[in-house]
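Below: data.cif (mmCIF, C-alpha atoms)
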```cif
data_protein
loop_
_atom_site.label_atom_id
_atom_site.label_comp_id
_atom_site.auth_asym_id
_atom_site.auth_seq_id
_atom_site.Cartn_x
_atom_site.Cartn_y
_atom_site.Cartn_z
CA MET A 1 15.52 33.67 -71.50
CA SER A 2 14.91 32.68 -67.93
CA GLU A 3 18.60 32.99 -67.08
CA VAL A 4 20.04 36.46 -66.63
CA TYR A 5 23.62 37.27 -65.67
CA ALA A 6 23.85 40.25 -63.33
CA ASN A 7 26.25 41.38 -60.59
CA GLY A 8 28.45 38.36 -61.32
CA LEU A 9 25.68 35.79 -60.79
CA ARG A 10 23.32 33.68 -62.86
CA PHE A 11 19.77 34.59 -61.83
CA HIS A 12 16.58 32.68 -62.55
CA VAL A 13 14.19 35.29 -63.93
CA GLN A 14 10.64 35.01 -65.22
CA ARG A 15 9.08 37.87 -67.16
CA LEU A 16 5.40 38.11 -67.95
CA PRO A 17 4.47 40.59 -70.67
CA ALA A 18 1.33 42.70 -70.46
CA PRO A 19 -1.34 41.44 -72.88
CA ALA A 20 -1.09 42.98 -76.33
CA ASP A 21 -4.81 43.78 -76.47
CA ARG A 22 -4.86 45.90 -73.33
CA PRO A 23 -3.41 49.38 -72.79
CA ALA A 24 -0.25 48.65 -70.82
CA LEU A 25 0.56 50.48 -67.64
CA ARG A 26 3.85 52.31 -67.92
CA THR A 27 5.50 51.14 -64.72
CA PRO A 28 6.85 47.58 -64.51
CA VAL A 29 6.17 45.51 -61.39
CA VAL A 30 9.13 43.67 -59.81
CA PHE A 31 8.62 41.04 -57.11
CA LEU A 32 10.97 40.31 -54.20
CA HIS A 33 10.32 37.05 -52.33
CA GLY A 34 11.15 36.08 -48.74
CA LEU A 35 14.04 34.35 -46.99
CA VAL A 36 15.47 30.79 -47.11
CA LEU A 37 12.50 28.55 -48.03
CA ASP A 38 10.91 31.05 -50.38
CA ASN A 39 11.45 31.72 -54.08
CA LEU A 40 9.71 33.46 -56.96
CA SER A 41 7.05 30.74 -57.20
CA SER A 42 5.11 32.19 -54.24
CA PHE A 43 4.42 35.28 -56.35
CA TYR A 44 4.23 33.45 -59.67
CA TYR A 45 1.22 31.42 -58.50
CA THR A 46 -0.57 34.27 -56.71
CA LEU A 47 -0.18 37.88 -57.89
CA ALA A 48 2.07 37.81 -60.95
CA ALA A 49 -0.26 36.45 -63.63
CA PRO A 50 -3.35 38.54 -62.71
CA ILE A 51 -1.19 41.69 -62.47
CA ALA A 52 0.33 41.01 -65.90
CA ARG A 53 -3.14 40.40 -67.27
CA ALA A 54 -4.31 43.74 -65.89
CA GLY A 55 -1.71 45.51 -68.05
CA SER A 56 1.64 45.60 -66.22
CA GLU A 57 4.95 44.17 -67.34
CA VAL A 58 6.05 41.77 -64.60
CA VAL A 59 9.56 40.73 -63.58
CA LEU A 60 10.11 37.96 -61.02
CA TYR A 61 13.47 36.58 -59.95
CA ASP A 62 14.96 34.22 -57.40
CA GLN A 63 17.18 36.12 -54.98
CA ARG A 64 20.79 34.97 -54.69
CA GLY A 65 21.03 31.56 -53.04
CA HIS A 66 17.29 30.91 -53.49
CA GLY A 67 15.19 28.92 -55.94
CA ARG A 68 17.05 28.30 -59.20
CA THR A 69 19.48 31.21 -58.88
CA GLU A 70 23.15 30.53 -58.12
CA ARG A 71 24.15 30.26 -54.47
CA PRO A 72 27.40 32.12 -53.75
CA ARG A 73 28.89 31.98 -50.24
CA THR A 74 28.49 35.68 -49.47
CA GLY A 75 26.31 38.69 -50.17
CA TYR A 76 23.08 38.11 -48.22
CA ASP A 77 22.96 41.68 -46.86
CA PRO A 78 20.48 44.32 -48.06
CA ASP A 79 23.17 46.41 -49.83
CA THR A 80 24.13 43.46 -52.02
CA ALA A 81 20.46 42.55 -52.54
CA VAL A 82 19.83 46.06 -53.87
CA ALA A 83 22.98 45.89 -56.03
CA ASP A 84 21.64 42.59 -57.42
CA LEU A 85 18.27 44.23 -58.13
CA ALA A 86 19.84 47.23 -59.88
CA ALA A 87 22.13 45.04 -62.00
CA LEU A 88 19.29 42.71 -62.88
CA LEU A 89 16.97 45.53 -63.97
CA LYS A 90 19.75 46.88 -66.14
CA ALA A 91 20.40 43.45 -67.65
CA CYS A 92 16.65 43.19 -68.41
CA ASP A 93 16.65 46.64 -70.10
CA VAL A 94 14.30 48.10 -67.49
CA ALA A 95 15.15 51.78 -67.70
CA THR A 96 12.27 53.28 -65.76
CA PRO A 97 11.44 53.28 -62.01
CA VAL A 98 9.45 50.21 -60.96
CA HIS A 99 6.87 49.17 -58.40
CA LEU A 100 8.68 46.91 -55.93
CA VAL A 101 6.44 44.30 -54.32
CA GLY A 102 8.21 42.62 -51.40
CA ASN A 103 6.96 39.74 -49.27
CA SER A 104 8.41 39.29 -45.76
CA PHE A 105 12.22 39.69 -46.05
CA GLY A 106 11.65 40.88 -49.62
CA GLY A 107 9.83 43.85 -48.08
CA LEU A 108 12.96 44.74 -46.15
CA ILE A 109 14.97 44.69 -49.37
CA ALA A 110 12.30 46.78 -51.12
CA LEU A 111 12.39 49.39 -48.37
CA HIS A 112 16.20 49.41 -48.46
CA ALA A 113 16.09 49.93 -52.23
CA ALA A 114 13.71 52.88 -51.84
CA ARG A 115 16.07 54.47 -49.30
CA THR A 116 19.37 53.82 -51.08
CA ARG A 117 18.33 53.83 -54.78
CA PRO A 118 15.23 56.05 -54.98
CA ASP A 119 15.88 56.41 -58.72
CA LEU A 120 14.86 52.76 -59.18
CA VAL A 121 11.56 52.91 -57.33
CA ALA A 122 8.15 54.33 -58.29
CA SER A 123 6.30 52.84 -55.32
CA LEU A 124 6.57 50.09 -52.71
CA VAL A 125 4.12 47.36 -51.83
CA LEU A 126 5.13 45.72 -48.55
CA ILE A 127 3.35 42.44 -47.87
CA GLU A 128 4.22 41.55 -44.30
CA GLY A 129 7.53 43.24 -45.01
CA GLN A 130 10.07 42.89 -42.24
CA CYS A 131 10.94 46.49 -42.27
CA LEU A 132 11.23 47.94 -38.81
CA ASP A 133 12.85 47.13 -35.55
CA LEU A 134 11.53 49.84 -33.30
CA PRO A 135 11.10 48.19 -29.93
CA ALA A 136 8.03 49.03 -27.90
CA ASP A 137 8.03 48.55 -24.12
CA SER A 138 4.80 46.63 -24.13
CA GLU A 139 5.92 44.00 -26.64
CA PRO A 140 8.00 40.83 -26.28
CA TYR A 141 11.26 40.28 -28.21
CA ALA A 142 13.26 43.11 -26.72
CA GLY A 143 16.02 42.22 -29.19
CA GLY A 144 13.66 42.86 -32.04
CA TRP A 145 12.98 40.58 -34.95
CA VAL A 146 16.62 40.57 -36.08
CA GLU A 147 17.64 38.69 -32.94
CA GLU A 148 14.55 36.53 -33.14
CA MET A 149 15.18 35.71 -36.78
CA ALA A 150 18.89 35.00 -36.23
CA ASN A 151 18.03 32.64 -33.34
CA THR A 152 15.45 30.80 -35.44
CA LEU A 153 17.85 30.44 -38.37
CA ASN A 154 20.70 29.28 -36.09
CA LEU A 155 18.49 26.61 -34.56
CA ALA A 156 17.40 25.45 -38.00
CA ALA A 157 21.04 25.39 -39.18
CA LEU A 158 22.11 23.27 -36.19
CA GLY A 159 19.22 20.87 -36.71
CA LEU A 160 20.07 20.44 -40.37
CA GLU A 161 23.76 19.91 -39.63
CA SER A 162 23.24 17.35 -36.89
CA HIS A 163 20.70 15.33 -38.85
CA PRO A 164 22.20 15.01 -42.30
CA GLY A 165 19.90 13.99 -45.11
CA PRO A 166 20.35 10.92 -47.29
CA ASP A 167 23.40 10.76 -49.58
CA ARG A 168 21.18 10.14 -52.57
CA LEU A 169 18.10 12.20 -53.19
CA PRO A 170 15.02 10.00 -52.80
CA THR A 171 12.54 9.65 -55.62
CA GLY A 172 8.77 9.95 -55.43
CA PRO A 173 6.92 12.02 -52.85
CA ALA A 174 9.92 12.20 -50.46
CA ARG A 175 11.94 14.00 -53.12
CA LYS A 176 10.35 17.39 -52.61
CA ALA A 177 10.92 17.49 -48.85
CA ALA A 178 14.49 16.28 -49.33
CA ARG A 179 15.23 18.99 -51.88
CA LEU A 180 13.73 21.68 -49.68
CA ARG A 181 15.87 20.44 -46.81
CA ALA A 182 19.04 20.29 -48.91
CA GLY A 183 18.48 23.84 -50.16
CA ALA A 184 17.94 25.21 -46.64
CA ASP A 185 21.00 23.33 -45.36
CA ALA A 186 23.22 24.70 -48.13
CA LEU A 187 21.97 28.23 -47.53
CA LEU A 188 22.14 28.21 -43.73
CA ASN A 189 25.31 26.15 -43.27
CA GLY A 190 27.16 26.99 -46.46
CA THR A 191 26.78 30.76 -46.79
CA THR A 192 27.08 33.93 -44.70
CA LEU A 193 23.29 34.38 -44.69
CA ILE A 194 22.82 34.04 -40.92
CA GLU A 195 25.82 36.29 -40.22
CA ASP A 196 24.43 38.87 -42.63
CA VAL A 197 20.98 38.74 -41.02
CA THR A 198 22.57 39.21 -37.58
CA LEU A 199 24.22 42.42 -38.76
CA LEU A 200 20.97 44.03 -39.94
CA ARG A 201 20.11 47.30 -38.27
CA ALA A 202 16.80 49.12 -38.26
CA PRO A 203 16.67 52.25 -40.38
CA ASP A 204 16.81 55.53 -38.51
CA PRO A 205 13.28 56.95 -37.99
CA ASP A 206 14.40 60.27 -39.53
CA GLU A 207 15.60 58.45 -42.61
CA LEU A 208 12.23 56.75 -42.97
CA ALA A 209 10.44 60.06 -42.56
CA ASP A 210 12.46 61.36 -45.54
CA LEU A 211 11.31 58.57 -47.80
CA ALA A 212 9.32 60.22 -50.57
CA CYS A 213 7.96 57.25 -52.48
CA PRO A 214 4.40 56.07 -51.83
CA VAL A 215 4.07 52.85 -49.84
CA LEU A 216 1.22 50.36 -49.66
CA ALA A 217 1.62 48.25 -46.51
CA LEU A 218 -0.44 45.05 -46.20
CA TYR A 219 -0.17 43.20 -42.90
CA GLY A 220 -2.01 40.40 -41.10
CA GLU A 221 -4.05 41.29 -38.06
CA LEU A 222 -2.56 38.36 -36.14
CA SER A 223 1.04 38.93 -37.28
CA GLU A 224 3.82 39.94 -34.89
CA LEU A 225 4.61 42.60 -37.46
CA ALA A 226 1.21 44.32 -37.24
CA ALA A 227 2.34 46.64 -34.44
CA PRO A 228 5.71 47.56 -36.03
CA ALA A 229 3.83 48.12 -39.29
CA ARG A 230 1.61 50.70 -37.58
CA ARG A 231 4.70 52.53 -36.33
CA LEU A 232 6.24 52.36 -39.79
CA ALA A 233 3.09 53.76 -41.38
CA ALA A 234 3.03 56.61 -38.87
CA LEU A 235 6.64 57.52 -39.73
CA LEU A 236 6.42 57.40 -43.50
CA ALA A 237 5.29 60.48 -45.38
CA ASP A 238 3.02 58.61 -47.80
CA CYS A 239 1.90 55.22 -46.52
CA THR A 240 -1.42 53.41 -46.87
CA LEU A 241 -1.67 50.67 -44.27
CA THR A 242 -4.25 47.91 -44.61
CA VAL A 243 -4.51 45.31 -41.86
CA LEU A 244 -6.13 42.12 -43.12
CA PRO A 245 -8.39 40.46 -40.56
CA GLY A 246 -7.92 36.90 -39.32
CA VAL A 247 -4.49 36.21 -40.87
CA ALA A 248 -0.93 36.16 -39.53
CA HIS A 249 2.39 36.41 -41.41
CA THR A 250 1.26 34.23 -44.32
CA VAL A 251 -0.91 36.97 -45.82
CA LEU A 252 0.22 36.36 -49.40
CA ARG A 253 -0.84 32.73 -49.27
CA GLU A 254 -3.93 33.00 -47.11
CA ALA A 255 -5.38 36.34 -48.12
CA THR A 256 -4.35 36.30 -51.78
CA ALA A 257 -7.63 37.77 -53.06
CA PRO A 258 -7.72 40.93 -50.88
CA VAL A 259 -3.96 41.44 -51.41
CA LEU A 260 -4.43 41.18 -55.18
CA ASP A 261 -7.39 43.59 -55.12
CA ALA A 262 -5.37 46.12 -53.12
CA VAL A 263 -2.37 45.90 -55.48
CA LEU A 264 -4.51 46.09 -58.64
CA ASP A 265 -6.15 49.21 -57.23
CA TRP A 266 -2.77 50.68 -56.25
CA LEU A 267 -0.76 50.24 -59.46
CA PRO A 268 -2.64 52.50 -61.93
CA ARG A 269 -2.87 55.25 -59.30
CA HIS A 270 0.92 55.25 -58.78
CA GLU A 271 2.33 55.27 -62.26
CA SER A 272 5.89 56.51 -62.49
CA ALA A 273 6.18 60.09 -63.74
CA ASP A 274 9.18 58.88 -65.71
CA THR A 275 8.16 58.56 -69.34
CA ARG A 276 11.17 56.67 -70.61
CA ALA A 277 10.47 53.32 -72.21
CA GLY A 278 9.55 50.54 -69.79
CA VAL A 279 10.61 46.94 -69.97
CA GLY A 280 12.37 46.10 -73.21
CA ARG A 281 11.09 43.07 -75.02
CA MET B 1 -0.28 7.93 -75.53
CA SER B 2 -3.06 8.27 -78.07
CA ALA B 3 -3.97 8.37 -81.69
CA ASP B 4 -3.22 12.08 -81.67
CA PRO B 5 0.20 12.70 -83.16
CA HIS B 6 -0.01 16.45 -82.47
CA ALA B 7 -0.53 15.87 -78.73
CA ASP B 8 2.08 13.08 -78.72
CA ARG B 9 4.68 15.44 -80.14
CA ILE B 10 3.90 18.02 -77.46
CA LEU B 11 4.08 15.35 -74.75
CA ALA B 12 7.54 14.33 -75.96
CA GLU B 13 8.59 17.97 -75.94
CA VAL B 14 7.26 18.58 -72.41
CA ALA B 15 8.98 15.40 -71.20
CA GLY B 16 12.26 16.59 -72.71
CA MET B 17 11.95 19.99 -71.01
CA LEU B 18 11.21 18.33 -67.66
CA ALA B 19 14.29 16.14 -67.96
CA GLU B 20 16.39 19.24 -68.64
CA ILE B 21 14.91 21.14 -65.69
CA VAL B 22 14.98 18.36 -63.11
CA GLY B 23 17.95 16.38 -64.40
CA GLU B 24 18.69 12.71 -64.58
CA GLU B 25 17.04 11.83 -61.27
CA LEU B 26 13.60 12.35 -62.81
CA LEU B 27 14.33 9.94 -65.62
CA ILE B 28 15.35 7.33 -63.07
CA ALA B 29 12.26 8.01 -61.00
CA ALA B 30 9.46 7.63 -63.47
CA GLU B 31 8.56 7.47 -67.09
CA ILE B 32 6.71 10.62 -68.02
CA THR B 33 3.30 9.86 -69.47
CA ALA B 34 0.10 11.83 -69.97
CA ASP B 35 -1.19 10.34 -66.72
CA SER B 36 1.81 11.47 -64.64
CA GLY B 37 0.83 13.99 -61.98
CA PHE B 38 3.30 16.87 -61.55
CA ASP B 39 3.03 16.54 -57.80
CA ASP B 40 2.01 12.93 -57.11
CA ASP B 41 4.18 11.10 -59.58
CA LEU B 42 6.97 13.45 -60.57
CA ALA B 43 7.24 15.20 -57.15
CA LEU B 44 8.01 18.40 -59.01
CA GLU B 45 8.87 21.41 -56.85
CA SER B 46 6.69 24.44 -57.49
CA ILE B 47 9.75 26.39 -58.71
CA GLU B 48 10.47 23.60 -61.23
CA PHE B 49 6.95 23.92 -62.61
CA VAL B 50 7.59 27.66 -62.98
CA ALA B 51 10.73 26.85 -64.97
CA LEU B 52 8.68 24.53 -67.20
CA ALA B 53 5.99 27.16 -67.77
CA GLY B 54 8.74 29.69 -68.62
CA ARG B 55 10.22 27.36 -71.24
CA LEU B 56 6.81 26.63 -72.72
CA GLN B 57 6.10 30.36 -72.91
CA GLU B 58 9.39 30.86 -74.77
CA ARG B 59 8.63 27.94 -77.07
CA TYR B 60 5.02 28.78 -77.94
CA GLY B 61 4.92 32.55 -77.36
CA ASP B 62 1.52 34.15 -77.81
CA ARG B 63 -0.02 31.04 -79.35
CA VAL B 64 -0.50 29.54 -75.88
CA ASP B 65 -1.51 32.07 -73.27
CA PHE B 66 0.07 30.52 -70.18
CA ILE B 67 -0.46 33.67 -68.17
CA ALA B 68 -4.22 33.41 -68.65
CA PHE B 69 -4.16 29.64 -68.13
CA LEU B 70 -2.27 29.93 -64.82
CA ALA B 71 -4.12 33.03 -63.64
CA ASP B 72 -7.33 31.00 -63.55
CA LEU B 73 -5.86 28.22 -61.39
CA GLU B 74 -5.01 27.97 -57.71
CA ILE B 75 -1.52 26.68 -56.90
CA GLU B 76 -3.05 23.44 -55.58
CA GLU B 77 -4.86 22.92 -58.87
CA ILE B 78 -1.68 23.58 -60.82
CA MET B 79 0.37 21.07 -58.87
CA ALA B 80 -2.44 18.49 -58.91
CA MET B 81 -2.53 18.67 -62.71
CA THR B 82 -1.42 15.80 -64.89
CA VAL B 83 1.09 16.22 -67.71
CA GLY B 84 -1.75 15.23 -70.06
CA ARG B 85 -3.95 18.16 -69.03
CA LEU B 86 -1.15 20.63 -69.75
CA VAL B 87 -0.37 18.90 -73.04
CA ASN B 88 -4.04 18.96 -74.07
CA HIS B 89 -4.23 22.68 -73.34
CA ILE B 90 -1.18 23.36 -75.51
CA ALA B 91 -2.49 21.02 -78.21
CA ALA B 92 -5.87 22.78 -78.26
CA CYS B 93 -4.23 26.22 -78.56
CA THR B 94 -1.93 25.10 -81.38
CA ARG B 95 -4.28 22.70 -83.17
CA SER B 96 -5.25 24.97 -86.08
CA GLU B 97 -1.67 25.51 -87.18
CA ALA B 98 -1.09 21.75 -87.06
CA VAL B 99 -3.99 21.02 -89.43
CA GLY B 100 -2.63 20.18 -92.82
CA GLY B 101 0.85 20.05 -91.41
CA THR B 102 0.36 16.85 -89.47
CA ARG B 103 0.94 13.48 -90.87
#
```

Please render this file's structure as structure tokens.
Amino acid sequence: MSEVYANGLRFHVQRLPAPADRPALRTPVVFLHGLVLDNLSSFYYTLAAPIARAGSEVVLYDQRGHGRTERPRTGYDPDTAVADLAALLKACDVATPVHLVGNSFGGLIALHAARTRPDLVASLVLIEGQCLDLPADSEPYAGGWVEEMANTLNLAALGLESHPGPDRLPTGPARKAARLRAGADALLNGTTLIEDVTLLRAPDPDELADLACPVLALYGELSELAAPARRLAALLADCTLTVLPGVAHTVLREATAPVLDAVLDWLPRHESADTRAGVGR
Amino acid sequence: MSADPHADRILAEVAGMLAEIVGEELLIAAEITADSGFDDDLALESIEFVALAGRLQERYGDRVDFIAFLADLEIEEIMAMTVGRLVNHIAACTRSEAVGGTR
């Protein structure tokens, strides 16, 4: 079923089985999407189907408050996101470490999972993952991306609050924009998400250096995160950094083919050593 | 829709699933026909199409390989699709089992 109860919430989950006629890879692939306007569809339409076809069990879910998952008032911090992930994997009978593929804020959650629940993680794929807040003297945003992100979200929240949408949802082409707007409004003005983002702190460099799991980091050449990604890659014990030319933060959407090639190459070379059964059917 | 009862049955089923996923507002908005575009006419959100594909996968299992079907399409192509194109794909994949069983 596409509804899974975990950690006290109803999650929208989509699972794609590996094809029966192909030797399945042992390690399931779990996708973590980005913040506020994102949901599992950005992976569903890009990487998920080709990765399942290549032999991996795939699990996608909408994070709390996003997409078709329930939207509680609290719990938008990385600890709760990892608790959601762990509970969801258990509810889906996934008993083996998984590859975590995180886009943008999903990358931050993936990295947090690898640090706090290494038993869950076989490898990380960070696609423009917001994962580091090490300031460099030569760069703008002295407050780091946490401050930048909180400011952006606060501005968006104020805008949504001061320009309320229609009482009734319009039909036709205007419907989609109205629904997107209503979802963002509910998340930014009706939950602790902005507060939780404001409280984020960068991981300690020593902690990152201790991270044992292999990491594939895919960043856009023109992204603000390209420089922090280089520092992250230098700190991590086992990190392969690929900078994709000509693209900014929207790497998943605009450089889907090279991202897919890199992930398809990565997965079979980083199978979990854990031989317990993978995703239950 | 046509003189194809097999496809008509699938269309009715898809329309029922869409109404469940989107809710009453869709029924008010437009009648769902084979010519309805998921994006243009139904203004379906991409996550709602995912929910539809998930239900169809549960309903038809291995008989209709949605993973392969979707893997070959760009998101723009998926959203630009008409209900009829999806229905025809399902009908083609399930046609053999309907032979003899249809009336």

Please produce, as a tab-separated table, a per-residue contact table for chain B versus chain A (criterion: any atom at most 9 Å away, all atoms listed in the file considered), showing the nearest atom pair and its distance in Å to one decimal, sorted by chain then residue number.
```
residue	atom	partner	partner_atom	distance
B:Glu25	CA	A:Thr171	CA	7.5
B:Leu26	CA	A:Thr171	CA	7.8
B:Ile28	CA	A:Thr171	CA	8.3
B:Ala29	CA	A:Thr171	CA	5.6
B:Ala30	CA	A:Gly172	CA	8.4
B:Asp39	CA	A:Pro173	CA	7.8
B:Asp40	CA	A:Pro173	CA	6.6
B:Asp41	CA	A:Gly172	CA	6.3
B:Leu42	CA	A:Gly172	CA	6.5
B:Ala43	CA	A:Pro173	CA	5.4
B:Leu44	CA	A:Lys176	CA	6.9
B:Glu45	CA	A:Lys176	CA	6.0
B:Ser46	CA	A:Ser41	CA	6.3
B:Ile47	CA	A:Ser41	CA	5.3
B:Glu48	CA	A:Arg68	CA	8.3
B:Phe49	CA	A:Ser41	CA	8.7
B:Val50	CA	A:Ser41	CA	6.6
B:Ala51	CA	A:Ser2	CA	7.8
B:Gly54	CA	A:Gln14	CA	6.6
B:Arg55	CA	A:Ser2	CA	7.8
B:Glu58	CA	A:Met1	CA	7.5
B:Phe66	CA	A:Ala49	CA	8.8
B:Ile67	CA	A:Ala49	CA	5.3
B:Ala68	CA	A:Ala49	CA	7.1
B:Leu70	CA	A:Ala49	CA	6.9
B:Ala71	CA	A:Ala49	CA	5.2
B:Asp72	CA	A:Pro50	CA	8.6
B:Leu73	CA	A:Tyr45	CA	8.3
B:Glu74	CA	A:Tyr45	CA	7.2
B:Ile75	CA	A:Tyr45	CA	5.7
B:Ile78	CA	A:Tyr45	CA	8.7
```

Requested in this report: Output the residue selection produced by the PyMOL selection byres ((chain A and resi 258-271) around 10) on the file above, formatted as a PyMOL selection string.
Outcome: chain A and resi 24-29+46-48+50-51+54-56+97-99+101+122-125+127+213-219+240+242+244+251-257+272-275

Go ahead and dump the residues you just picked, C-alpha atoms, as a PDB file, keeping the file's coordinate frame.
```pdb
ATOM      1  CA  ALA A  24      -0.250  48.650 -70.820  1.00  0.00           C
ATOM      2  CA  LEU A  25       0.560  50.480 -67.640  1.00  0.00           C
ATOM      3  CA  ARG A  26       3.850  52.310 -67.920  1.00  0.00           C
ATOM      4  CA  THR A  27       5.500  51.140 -64.720  1.00  0.00           C
ATOM      5  CA  PRO A  28       6.850  47.580 -64.510  1.00  0.00           C
ATOM      6  CA  VAL A  29       6.170  45.510 -61.390  1.00  0.00           C
ATOM      7  CA  THR A  46      -0.570  34.270 -56.710  1.00  0.00           C
ATOM      8  CA  LEU A  47      -0.180  37.880 -57.890  1.00  0.00           C
ATOM      9  CA  ALA A  48       2.070  37.810 -60.950  1.00  0.00           C
ATOM     10  CA  PRO A  50      -3.350  38.540 -62.710  1.00  0.00           C
ATOM     11  CA  ILE A  51      -1.190  41.690 -62.470  1.00  0.00           C
ATOM     12  CA  ALA A  54      -4.310  43.740 -65.890  1.00  0.00           C
ATOM     13  CA  GLY A  55      -1.710  45.510 -68.050  1.00  0.00           C
ATOM     14  CA  SER A  56       1.640  45.600 -66.220  1.00  0.00           C
ATOM     15  CA  PRO A  97      11.440  53.280 -62.010  1.00  0.00           C
ATOM     16  CA  VAL A  98       9.450  50.210 -60.960  1.00  0.00           C
ATOM     17  CA  HIS A  99       6.870  49.170 -58.400  1.00  0.00           C
ATOM     18  CA  VAL A 101       6.440  44.300 -54.320  1.00  0.00           C
ATOM     19  CA  ALA A 122       8.150  54.330 -58.290  1.00  0.00           C
ATOM     20  CA  SER A 123       6.300  52.840 -55.320  1.00  0.00           C
ATOM     21  CA  LEU A 124       6.570  50.090 -52.710  1.00  0.00           C
ATOM     22  CA  VAL A 125       4.120  47.360 -51.830  1.00  0.00           C
ATOM     23  CA  ILE A 127       3.350  42.440 -47.870  1.00  0.00           C
ATOM     24  CA  CYS A 213       7.960  57.250 -52.480  1.00  0.00           C
ATOM     25  CA  PRO A 214       4.400  56.070 -51.830  1.00  0.00           C
ATOM     26  CA  VAL A 215       4.070  52.850 -49.840  1.00  0.00           C
ATOM     27  CA  LEU A 216       1.220  50.360 -49.660  1.00  0.00           C
ATOM     28  CA  ALA A 217       1.620  48.250 -46.510  1.00  0.00           C
ATOM     29  CA  LEU A 218      -0.440  45.050 -46.200  1.00  0.00           C
ATOM     30  CA  TYR A 219      -0.170  43.200 -42.900  1.00  0.00           C
ATOM     31  CA  THR A 240      -1.420  53.410 -46.870  1.00  0.00           C
ATOM     32  CA  THR A 242      -4.250  47.910 -44.610  1.00  0.00           C
ATOM     33  CA  LEU A 244      -6.130  42.120 -43.120  1.00  0.00           C
ATOM     34  CA  VAL A 251      -0.910  36.970 -45.820  1.00  0.00           C
ATOM     35  CA  LEU A 252       0.220  36.360 -49.400  1.00  0.00           C
ATOM     36  CA  ARG A 253      -0.840  32.730 -49.270  1.00  0.00           C
ATOM     37  CA  GLU A 254      -3.930  33.000 -47.110  1.00  0.00           C
ATOM     38  CA  ALA A 255      -5.380  36.340 -48.120  1.00  0.00           C
ATOM     39  CA  THR A 256      -4.350  36.300 -51.780  1.00  0.00           C
ATOM     40  CA  ALA A 257      -7.630  37.770 -53.060  1.00  0.00           C
ATOM     41  CA  SER A 272       5.890  56.510 -62.490  1.00  0.00           C
ATOM     42  CA  ALA A 273       6.180  60.090 -63.740  1.00  0.00           C
ATOM     43  CA  ASP A 274       9.180  58.880 -65.710  1.00  0.00           C
ATOM     44  CA  THR A 275       8.160  58.560 -69.340  1.00  0.00           C
TER      45      THR A 275
END
```

Requested in this report: Do a neighbour search on segment 147-159 of chain A at 12 Å with all atoms listed in the file, toss out local chain neighbours closer than 2 positions, and write the hits as a count of residues only.
Outcome: 42

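Compared by their closest atoms to His249 of chain A, and using all atoms listed in the file, the residues A:Gly34, A:Val146, A:Leu236, A:His112 rank with A:Gly34 nearest.
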
Query raised in the report: Of the candidates B:Ile32, B:Met79, B:Val64, B:Ala92, which shows the shortest atom-to-atom distance to Glu13 of chain B, using only C-alpha atoms?
Result: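 The closest residue to Glu13 of chain B is B:Ile32.
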
Could the centre and edge lengths of an axis-aligned box, enclosing all atoms of segment 67-71 of chain B in the file with 6 Å extra on each side, be given in Å to one decimal as lines of an AutoDock Vina configuration file?
```
center_x = -2.3
center_y = 31.7
center_z = -66.1
size_x = 15.8
size_y = 16.0
size_z = 17.0
```

Query raised in the report: Any idea what the distance is between atom CA of Pro205 of chain A and atom CA of Leu235 of chain A?
Result: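 Between these atoms lies a distance of 6.9 Å.
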
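Under the PyMOL selection byres ((chain B and resi 81) around 10), the matching residues in the shown file are Asp35, Ser36, Gly37, Phe38, Asp39, Asp40, Ile75, Glu76, Glu77, Ile78, Met79, Ala80, Thr82, Val83, Gly84, Arg85 and Leu86 of chain B.
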
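Atom CA of Asn103 of chain A sits 15.4 Å away from atom CA of Pro228 of chain A.
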
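The space separating atom CA of Arg95 of chain B from atom CA of Asp21 of chain A comes to 22.1 Å.
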